[in-house]
>>> print(open('target11.cif').read())   # mmCIF, C-alpha atoms
data_input
#
loop_
_atom_site.label_atom_id
_atom_site.label_comp_id
_atom_site.auth_asym_id
_atom_site.auth_seq_id
_atom_site.Cartn_x
_atom_site.Cartn_y
_atom_site.Cartn_z
CA MET R 1143 -38.02 -19.17 24.43
CA LYS R 1144 -36.58 -22.51 23.36
CA ARG R 1145 -37.23 -21.59 19.73
CA LEU R 1146 -35.18 -18.43 20.17
CA MET R 1147 -32.13 -20.17 21.66
CA PRO R 1148 -30.65 -21.31 18.29
CA LEU R 1149 -30.99 -17.74 17.04
CA PHE R 1150 -29.16 -16.36 20.08
CA VAL R 1151 -26.40 -18.94 19.65
CA SER R 1152 -25.98 -18.05 15.97
CA ILE R 1153 -25.77 -14.33 16.76
CA ALA R 1154 -23.18 -15.01 19.47
CA LEU R 1155 -21.05 -17.09 17.09
CA LEU R 1156 -21.19 -14.40 14.42
CA ALA R 1157 -20.14 -11.80 16.98
CA LEU R 1158 -17.16 -13.92 18.04
CA LEU R 1159 -16.12 -14.45 14.43
CA GLY R 1160 -16.40 -10.75 13.76
CA CYS R 1161 -14.10 -9.96 16.68
CA GLN R 1162 -11.38 -12.31 15.44
CA SER R 1163 -8.42 -10.58 13.83
CA ALA R 1164 -7.15 -11.38 10.37
CA PRO R 1165 -4.82 -14.41 10.19
CA ASP R 1166 -1.11 -13.76 10.35
CA HIS R 1167 0.84 -13.69 7.11
CA ASP R 1168 2.80 -16.85 6.27
CA TYR R 1169 6.45 -15.75 6.06
CA THR R 1170 7.85 -19.09 4.91
CA GLU R 1171 8.49 -17.97 1.33
CA PHE R 1172 9.69 -14.54 2.47
CA ARG R 1173 12.36 -16.05 4.73
CA ALA R 1174 13.43 -18.49 2.02
CA SER R 1175 13.75 -15.64 -0.47
CA ASN R 1176 15.56 -13.27 1.94
CA PRO R 1177 15.75 -10.44 -0.63
CA ALA R 1178 18.34 -7.70 -0.21
CA SER R 1179 17.15 -5.45 -3.05
CA ILE R 1180 13.71 -4.40 -4.27
CA LEU R 1181 12.69 -3.06 -7.66
CA VAL R 1182 9.58 -0.86 -7.33
CA LEU R 1183 7.55 -0.78 -10.52
CA PRO R 1184 5.37 2.20 -11.52
CA ALA R 1185 2.04 1.89 -9.72
CA ILE R 1186 -1.15 0.95 -11.55
CA ASN R 1187 -3.49 3.90 -11.06
CA GLU R 1188 -7.16 2.99 -10.72
CA THR R 1189 -8.17 6.53 -9.75
CA THR R 1190 -9.09 9.57 -11.82
CA ASP R 1191 -6.08 11.56 -10.58
CA VAL R 1192 -3.31 11.43 -13.19
CA ASP R 1193 -0.71 12.37 -10.58
CA ALA R 1194 -1.58 9.50 -8.23
CA SER R 1195 1.18 7.12 -9.35
CA ASP R 1196 4.03 9.63 -9.19
CA GLY R 1197 2.69 11.14 -5.99
CA PHE R 1198 2.59 7.79 -4.23
CA LEU R 1199 5.88 6.49 -5.64
CA SER R 1200 7.72 9.50 -4.24
CA HIS R 1201 7.14 8.08 -0.74
CA VAL R 1202 7.83 4.35 -1.10
CA THR R 1203 11.64 4.42 -1.00
CA LEU R 1204 11.92 5.70 2.58
CA PRO R 1205 10.02 2.95 4.47
CA LEU R 1206 11.68 0.22 2.37
CA ALA R 1207 15.15 1.67 2.90
CA GLU R 1208 14.48 2.04 6.62
CA ALA R 1209 13.43 -1.61 6.67
CA GLY R 1210 16.88 -2.58 5.39
CA TYR R 1211 16.51 -2.94 1.62
CA TYR R 1212 18.33 -1.44 -1.33
CA VAL R 1213 15.66 0.25 -3.46
CA PHE R 1214 16.45 1.00 -7.09
CA PRO R 1215 16.05 4.76 -7.73
CA ILE R 1216 12.47 5.37 -8.85
CA ASN R 1217 13.32 7.89 -11.57
CA VAL R 1218 16.10 5.73 -12.98
CA VAL R 1219 13.73 2.76 -13.18
CA LYS R 1220 11.06 4.86 -14.88
CA GLU R 1221 13.53 6.23 -17.42
CA THR R 1222 14.89 2.76 -18.17
CA PHE R 1223 11.40 1.55 -19.06
CA ARG R 1224 10.74 4.69 -21.12
CA GLN R 1225 13.87 4.15 -23.18
CA ASN R 1226 12.63 0.64 -23.90
CA GLY R 1227 9.25 1.89 -25.10
CA LEU R 1228 7.29 1.16 -21.92
CA THR R 1229 5.46 4.04 -20.29
CA LEU R 1230 2.21 2.49 -19.02
CA ALA R 1231 2.19 0.77 -15.64
CA ASP R 1232 -0.07 -2.03 -16.88
CA GLU R 1233 2.46 -2.90 -19.60
CA ILE R 1234 5.39 -2.72 -17.20
CA HIS R 1235 3.65 -5.02 -14.73
CA ARG R 1236 3.42 -7.63 -17.49
CA VAL R 1237 7.16 -7.64 -18.19
CA ASN R 1238 8.69 -11.07 -17.61
CA LEU R 1239 10.38 -11.43 -14.23
CA ASN R 1240 13.45 -13.01 -15.78
CA LYS R 1241 13.87 -9.93 -17.96
CA LEU R 1242 13.56 -7.61 -14.95
CA GLN R 1243 16.08 -9.65 -13.03
CA GLN R 1244 18.43 -9.66 -16.01
CA ILE R 1245 18.25 -5.88 -16.51
CA PHE R 1246 18.29 -4.69 -12.90
CA GLY R 1247 19.76 -7.64 -11.02
CA THR R 1248 17.07 -7.28 -8.37
CA ASP R 1249 16.13 -9.90 -5.80
CA ALA R 1250 12.46 -8.93 -5.55
CA VAL R 1251 9.90 -6.85 -7.44
CA LEU R 1252 7.21 -4.73 -5.80
CA TYR R 1253 3.90 -4.38 -7.66
CA LEU R 1254 1.75 -1.46 -6.49
CA LYS R 1255 -1.87 -0.55 -7.17
CA ILE R 1256 -3.55 2.71 -6.12
CA THR R 1257 -7.31 2.49 -5.62
CA GLN R 1258 -8.04 5.86 -4.00
CA TYR R 1259 -6.21 9.17 -4.31
CA GLY R 1260 -7.65 12.64 -3.89
CA THR R 1261 -10.11 14.90 -2.13
CA GLN R 1262 -13.82 14.18 -2.27
CA TYR R 1263 -16.74 16.39 -1.25
CA GLN R 1264 -19.12 14.46 1.03
CA VAL R 1265 -22.06 16.84 1.64
CA ILE R 1266 -21.04 17.93 5.16
CA ASN R 1267 -17.42 16.97 4.95
CA SER R 1268 -14.45 16.97 2.60
CA GLU R 1269 -11.99 14.09 2.88
CA THR R 1270 -8.64 13.39 1.27
CA ARG R 1271 -7.98 9.65 1.17
CA VAL R 1272 -5.23 7.49 -0.33
CA SER R 1273 -5.54 3.71 -0.52
CA ALA R 1274 -3.06 1.27 -2.07
CA SER R 1275 -2.12 -2.40 -2.20
CA ALA R 1276 1.18 -4.15 -2.86
CA ARG R 1277 2.61 -7.52 -3.86
CA LEU R 1278 6.26 -8.48 -3.37
CA VAL R 1279 7.51 -11.19 -5.73
CA ASP R 1280 10.84 -13.03 -5.76
CA ALA R 1281 12.42 -12.13 -9.11
CA ARG R 1282 14.43 -15.36 -9.13
CA THR R 1283 11.65 -17.86 -8.47
CA GLY R 1284 8.50 -15.96 -9.42
CA LYS R 1285 6.91 -16.73 -6.06
CA GLN R 1286 4.85 -14.11 -4.26
CA ILE R 1287 6.44 -13.67 -0.84
CA TRP R 1288 4.27 -10.92 0.67
CA GLN R 1289 1.19 -8.81 0.05
CA GLY R 1290 -0.56 -6.02 1.91
CA SER R 1291 -2.86 -3.03 1.69
CA ALA R 1292 -3.24 0.26 3.54
CA SER R 1293 -5.32 3.41 3.59
CA ALA R 1294 -5.09 6.84 5.21
CA SER R 1295 -7.28 9.93 5.46
CA ASN R 1296 -6.70 13.49 6.62
CA HIS R 1297 -9.93 13.30 8.63
CA GLU R 1298 -9.34 10.10 10.58
CA ASN R 1299 -9.64 11.83 13.97
CA SER R 1300 -11.99 14.65 13.08
CA GLN R 1301 -15.58 14.99 14.27
CA ALA R 1302 -18.38 17.03 12.75
CA ASN R 1303 -19.56 19.83 15.03
CA GLY R 1304 -21.69 22.95 14.59
CA ASN R 1305 -24.71 23.79 12.48
CA ILE R 1306 -25.45 22.29 9.08
CA ILE R 1307 -24.81 25.53 7.15
CA GLY R 1308 -21.43 25.92 8.77
CA MET R 1309 -20.48 22.32 8.05
CA LEU R 1310 -21.50 22.61 4.38
CA ALA R 1311 -19.48 25.77 3.93
CA GLY R 1312 -16.54 24.24 5.78
CA ALA R 1313 -16.60 21.16 3.56
CA VAL R 1314 -16.43 23.26 0.39
CA ILE R 1315 -13.62 25.41 1.77
CA SER R 1316 -11.73 22.33 2.96
CA GLN R 1317 -11.97 20.69 -0.45
CA VAL R 1318 -10.63 23.80 -2.21
CA ILE R 1319 -7.73 24.16 0.24
CA ASP R 1320 -6.84 20.46 0.16
CA THR R 1321 -6.87 20.45 -3.64
CA MET R 1322 -4.78 23.62 -3.95
CA THR R 1323 -2.21 22.47 -1.39
CA ASP R 1324 -2.02 18.90 -2.78
CA GLU R 1325 -3.10 17.32 0.50
CA SER R 1326 -3.17 13.96 -1.30
CA HIS R 1327 0.62 14.01 -1.44
CA ASN R 1328 0.81 14.33 2.34
CA VAL R 1329 -1.75 11.59 2.95
CA ALA R 1330 0.08 9.34 0.46
CA ALA R 1331 3.14 9.49 2.71
CA ILE R 1332 1.10 8.09 5.60
CA THR R 1333 -0.42 5.35 3.44
CA SER R 1334 2.97 4.34 2.07
CA ASN R 1335 4.43 4.13 5.56
CA ARG R 1336 1.53 2.02 6.80
CA LEU R 1337 1.82 -0.27 3.80
CA LEU R 1338 5.58 -0.82 3.63
CA ARG R 1339 7.14 -0.34 7.05
CA ALA R 1340 8.52 -3.46 8.73
CA ASP R 1341 7.63 -2.90 12.39
CA GLN R 1342 3.99 -3.96 12.20
CA ARG R 1343 1.80 -7.06 12.22
CA ASN R 1344 1.70 -8.70 8.77
CA GLY R 1345 4.19 -6.14 7.45
CA ILE R 1346 7.29 -6.91 5.44
CA LEU R 1347 10.26 -8.47 7.21
CA TYR R 1348 13.37 -6.46 7.95
CA GLY R 1349 15.95 -6.69 5.17
CA SER R 1350 19.56 -7.82 5.46
CA ARG R 1351 20.82 -4.23 5.66
CA SER R 1352 18.86 -3.63 8.86
CA PRO R 1353 20.38 -4.32 12.31
CA LEU R 1354 16.97 -5.77 13.19
CA HIS R 1355 17.15 -8.37 10.43
CA SER R 1356 16.22 -11.78 11.77
CA SER R 1357 13.81 -14.62 11.23
CA SER R 1358 11.22 -13.14 13.60
CA VAL R 1359 7.76 -12.12 12.41
CA PRO R 1360 6.52 -8.55 13.03
CA GLN R 1361 3.91 -8.32 15.81
#
>>> encode(input="target11.cif", output="C-alpha coordinates")
Amino acid sequence: MKRLMPLFVSIALLALLGCQSAPDHDYTEFRASNPASILVLPAINETTDVDASDGFLSHVTLPLAEAGYYVFPINVVKETFRQNGLTLADEIHRVNLNKLQQIFGTDAVLYLKITQYGTQYQVINSETRVSASARLVDARTGKQIWQGSASASNHENSQANGNIIGMLAGAVISQVIDTMTDESHNVAAITSNRLLRADQRNGILYGSRSPLHSSSVPQ
(Lines of atoms letter the chains of each structure in order from A and count residues from 1; the text may use other names and numbers.)
(Lines give C-alpha, C1' and ligand atoms only; values in the text may rest on other atoms or scores of the structure.)
Protein backbone atom coordinates (compact mmCIF):
# COMPACT_ATOMS: atom_id res chain seq x y z
CA MET A 1 0.00 0.00 0.00
CA LYS A 2 2.85 2.35 0.85
CA ARG A 3 4.27 1.84 -2.63
CA LEU A 4 0.98 2.96 -4.14
CA MET A 5 0.74 6.19 -2.13
CA PRO A 6 3.08 8.23 -4.40
CA LEU A 7 1.02 7.11 -7.39
CA PHE A 8 -2.22 8.23 -5.73
CA VAL A 9 -0.66 11.58 -4.84
CA SER A 10 0.52 12.12 -8.42
CA ILE A 11 -2.92 11.29 -9.82
CA ALA A 12 -4.55 13.70 -7.35
CA LEU A 13 -2.17 16.51 -8.32
CA LEU A 14 -2.81 15.94 -12.01
CA ALA A 15 -6.55 16.03 -11.38
CA LEU A 16 -6.23 19.34 -9.52
CA LEU A 17 -4.13 20.83 -12.30
CA GLY A 18 -6.62 19.68 -14.88
CA CYS A 19 -9.45 21.41 -13.03
CA GLN A 20 -7.64 24.75 -12.94
CA SER A 21 -8.92 27.30 -15.41
CA ALA A 22 -6.74 29.06 -17.94
CA PRO A 23 -4.86 32.10 -16.56
CA ASP A 24 -6.44 35.49 -17.02
CA HIS A 25 -5.25 37.66 -19.87
CA ASP A 26 -2.80 40.43 -18.95
CA TYR A 27 -4.53 43.68 -19.97
CA THR A 28 -1.62 46.00 -19.16
CA GLU A 29 -0.73 46.67 -22.81
CA PHE A 30 -4.40 46.84 -23.82
CA ARG A 31 -5.14 49.57 -21.28
CA ALA A 32 -2.01 51.49 -22.25
CA SER A 33 -3.00 51.31 -25.92
CA ASN A 34 -6.68 52.21 -25.33
CA PRO A 35 -7.58 51.91 -29.04
CA ALA A 36 -10.67 53.67 -30.36
CA SER A 37 -10.59 52.23 -33.89
CA ILE A 38 -9.85 48.77 -35.26
CA LEU A 39 -8.79 47.76 -38.77
CA VAL A 40 -9.88 44.18 -39.51
CA LEU A 41 -7.66 42.51 -42.08
CA PRO A 42 -8.91 39.76 -44.41
CA ALA A 43 -8.76 36.46 -42.54
CA ILE A 44 -6.16 33.80 -43.34
CA ASN A 45 -8.15 30.76 -44.41
CA GLU A 46 -6.64 27.42 -43.40
CA THR A 47 -9.71 25.46 -44.47
CA THR A 48 -10.75 23.99 -47.82
CA ASP A 49 -13.81 26.26 -48.08
CA VAL A 50 -13.02 29.20 -50.35
CA ASP A 51 -15.88 31.21 -48.85
CA ALA A 52 -14.65 30.88 -45.26
CA SER A 53 -12.89 34.25 -45.06
CA ASP A 54 -15.73 36.34 -46.49
CA GLY A 55 -18.32 34.35 -44.57
CA PHE A 56 -16.59 34.94 -41.26
CA LEU A 57 -15.66 38.58 -41.92
CA SER A 58 -19.31 39.44 -42.53
CA HIS A 59 -19.94 38.91 -38.80
CA VAL A 60 -16.96 40.56 -37.09
CA THR A 61 -18.08 44.20 -37.27
CA LEU A 62 -21.13 43.79 -35.02
CA PRO A 63 -19.47 42.49 -31.82
CA LEU A 64 -16.59 44.98 -32.16
CA ALA A 65 -18.96 47.90 -32.74
CA GLU A 66 -21.11 46.80 -29.80
CA ALA A 67 -17.96 46.72 -27.68
CA GLY A 68 -17.40 50.41 -28.43
CA TYR A 69 -14.96 50.51 -31.35
CA TYR A 70 -15.03 52.16 -34.74
CA VAL A 71 -14.50 49.38 -37.28
CA PHE A 72 -13.32 50.29 -40.76
CA PRO A 73 -15.85 49.00 -43.34
CA ILE A 74 -14.77 45.51 -44.38
CA ASN A 75 -15.52 45.95 -48.09
CA VAL A 76 -13.77 49.32 -48.25
CA VAL A 77 -10.67 47.82 -46.63
CA LYS A 78 -10.71 44.87 -49.03
CA GLU A 79 -11.07 47.14 -52.06
CA THR A 80 -8.26 49.41 -50.85
CA PHE A 81 -5.88 46.45 -50.71
CA ARG A 82 -7.07 45.21 -54.11
CA GLN A 83 -6.35 48.56 -55.73
CA ASN A 84 -2.84 48.33 -54.32
CA GLY A 85 -2.28 44.88 -55.79
CA LEU A 86 -2.92 42.88 -52.62
CA THR A 87 -5.61 40.22 -52.73
CA LEU A 88 -4.20 37.36 -50.61
CA ALA A 89 -4.68 37.46 -46.85
CA ASP A 90 -1.18 36.12 -46.21
CA GLU A 91 0.32 39.04 -48.15
CA ILE A 92 -1.91 41.58 -46.43
CA HIS A 93 -0.96 40.26 -43.00
CA ARG A 94 2.68 40.97 -43.85
CA VAL A 95 2.07 44.64 -44.66
CA ASN A 96 4.07 46.93 -42.38
CA LEU A 97 2.06 48.32 -39.47
CA ASN A 98 3.35 51.83 -40.09
CA LYS A 99 1.98 51.66 -43.62
CA LEU A 100 -1.42 50.47 -42.38
CA GLN A 101 -1.52 53.23 -39.81
CA GLN A 102 -0.51 55.78 -42.43
CA ILE A 103 -3.19 54.69 -44.93
CA PHE A 104 -6.12 54.08 -42.58
CA GLY A 105 -5.19 56.06 -39.48
CA THR A 106 -6.21 53.13 -37.31
CA ASP A 107 -5.28 52.64 -33.66
CA ALA A 108 -5.21 48.84 -33.76
CA VAL A 109 -5.16 46.03 -36.32
CA LEU A 110 -7.02 42.74 -35.95
CA TYR A 111 -5.40 39.65 -37.49
CA LEU A 112 -7.79 36.72 -37.98
CA LYS A 113 -7.17 33.07 -38.83
CA ILE A 114 -9.88 30.52 -39.65
CA THR A 115 -8.98 26.91 -38.87
CA GLN A 116 -12.35 25.19 -39.33
CA TYR A 117 -15.30 26.13 -41.53
CA GLY A 118 -17.90 23.82 -43.00
CA THR A 119 -20.00 20.71 -42.63
CA GLN A 120 -18.37 17.34 -42.11
CA TYR A 121 -19.90 13.86 -42.30
CA GLN A 122 -18.98 11.85 -39.19
CA VAL A 123 -20.42 8.35 -39.81
CA ILE A 124 -23.48 8.71 -37.54
CA ASN A 125 -23.57 12.46 -37.42
CA SER A 126 -23.08 15.55 -39.56
CA GLU A 127 -21.59 18.62 -37.90
CA THR A 128 -21.05 22.18 -39.05
CA ARG A 129 -18.19 23.78 -37.12
CA VAL A 130 -16.40 27.12 -37.36
CA SER A 131 -13.20 27.81 -35.41
CA ALA A 132 -11.08 30.96 -35.51
CA SER A 133 -8.35 32.82 -33.66
CA ALA A 134 -7.48 36.51 -33.45
CA ARG A 135 -4.63 38.85 -32.51
CA LEU A 136 -5.11 42.55 -31.80
CA VAL A 137 -2.00 44.68 -32.35
CA ASP A 138 -1.41 48.35 -31.57
CA ALA A 139 -0.72 49.96 -34.95
CA ARG A 140 1.33 52.73 -33.32
CA THR A 141 3.69 50.63 -31.22
CA GLY A 142 3.54 47.20 -32.86
CA LYS A 143 2.74 45.54 -29.54
CA GLN A 144 0.22 42.73 -29.35
CA ILE A 145 -2.42 43.81 -26.85
CA TRP A 146 -4.85 40.87 -26.97
CA GLN A 147 -5.37 37.43 -28.46
CA GLY A 148 -8.13 34.86 -28.33
CA SER A 149 -9.77 31.90 -30.03
CA ALA A 150 -13.29 30.51 -30.28
CA SER A 151 -15.28 27.70 -31.84
CA ALA A 152 -18.94 26.88 -32.39
CA SER A 153 -20.95 23.97 -33.75
CA ASN A 154 -24.56 23.50 -34.78
CA HIS A 155 -24.65 20.24 -32.80
CA GLU A 156 -23.33 21.45 -29.45
CA ASN A 157 -26.47 20.38 -27.56
CA SER A 158 -27.61 17.49 -29.72
CA GLN A 159 -27.57 13.83 -28.68
CA ALA A 160 -27.62 10.77 -30.89
CA ASN A 161 -30.78 8.69 -30.47
CA GLY A 162 -32.44 5.89 -32.41
CA ASN A 163 -31.15 2.97 -34.45
CA ILE A 164 -27.91 2.98 -36.40
CA ILE A 165 -29.60 2.95 -39.84
CA GLY A 166 -31.70 5.95 -38.91
CA MET A 167 -28.69 7.85 -37.59
CA LEU A 168 -26.65 7.14 -40.74
CA ALA A 169 -29.45 8.33 -42.98
CA GLY A 170 -30.03 11.37 -40.78
CA ALA A 171 -26.35 12.31 -40.93
CA VAL A 172 -26.34 12.25 -44.73
CA ILE A 173 -29.54 14.27 -44.95
CA SER A 174 -28.26 16.76 -42.38
CA GLN A 175 -25.03 17.28 -44.30
CA VAL A 176 -26.89 17.94 -47.56
CA ILE A 177 -29.28 20.40 -45.90
CA ASP A 178 -26.54 22.21 -43.99
CA THR A 179 -24.45 22.55 -47.15
CA MET A 180 -27.35 23.78 -49.28
CA THR A 181 -28.52 26.30 -46.68
CA ASP A 182 -24.98 27.53 -45.87
CA GLU A 183 -25.23 26.58 -42.21
CA SER A 184 -21.55 27.54 -41.85
CA HIS A 185 -22.53 31.19 -42.23
CA ASN A 186 -24.90 30.93 -39.27
CA VAL A 187 -22.37 29.10 -37.10
CA ALA A 188 -19.71 31.68 -38.04
CA ALA A 189 -21.87 34.36 -36.45
CA ILE A 190 -21.80 32.48 -33.15
CA THR A 191 -18.04 31.93 -33.34
CA SER A 192 -17.39 35.58 -34.14
CA ASN A 193 -19.51 36.71 -31.21
CA ARG A 194 -17.74 34.33 -28.83
CA LEU A 195 -14.37 35.49 -30.08
CA LEU A 196 -14.84 39.26 -30.15
CA ARG A 197 -17.49 40.31 -27.67
CA ALA A 198 -16.30 42.27 -24.64
CA ASP A 199 -18.51 40.92 -21.84
CA GLN A 200 -16.59 37.71 -21.19
CA ARG A 201 -13.56 36.39 -19.34
CA ASN A 202 -10.35 37.04 -21.29
CA GLY A 203 -12.32 38.91 -23.96
CA ILE A 204 -11.44 42.29 -25.41
CA LEU A 205 -11.96 45.37 -23.25
CA TYR A 206 -14.79 47.78 -23.95
CA GLY A 207 -13.78 50.59 -26.29
CA SER A 208 -13.99 54.33 -25.65
CA ARG A 209 -17.29 54.60 -27.55
CA SER A 210 -18.99 52.25 -25.09
CA PRO A 211 -20.73 53.55 -21.93
CA LEU A 212 -19.15 50.56 -20.19
CA HIS A 213 -15.63 51.67 -21.06
CA SER A 214 -13.40 51.52 -18.01
CA SER A 215 -10.21 49.97 -16.75
CA SER A 216 -11.99 46.87 -15.43
CA VAL A 217 -11.23 43.40 -16.76
CA PRO A 218 -14.08 41.23 -18.13
CA GLN A 219 -15.08 38.40 -15.79
>>> closest_residue(input="target11.cif", among="R:Glu1325, R:Asp1249, R:Glu1269, R:Asp1193", to="Ile1287 in chain R", atoms="all atoms listed in the file")
R:Asp1249
>>> resolve_selection(input="target11.cif", expression="the PyMOL selection byres ((chain R and resi 1243) around 12)", output="PyMOL selection string")
chain R and resi 1179-1181+1237-1242+1244-1251+1279-1284
>>> residues_near_point(input="target11.cif", point="(4.1, -13.9, 2.2)", cutoff="6 Å", atoms="only C-alpha atoms", output="ChimeraX atom specification")
/R:1167-1169,1172,1287-1288
>>> resolve_selection(input="target11.cif", expression="the PyMOL selection byres ((chain R and resi 1328-1341) around 7)", output="PyMOL selection string")
chain R and resi 1198+1201-1202+1205-1206+1209+1271-1273+1290-1296+1325-1327+1342+1345-1348+1360
>>> atom_distance(input="target11.cif", atom1="CA of Pro1184 in chain R", atom2="CA of Lys1220 in chain R")
7.1 Å
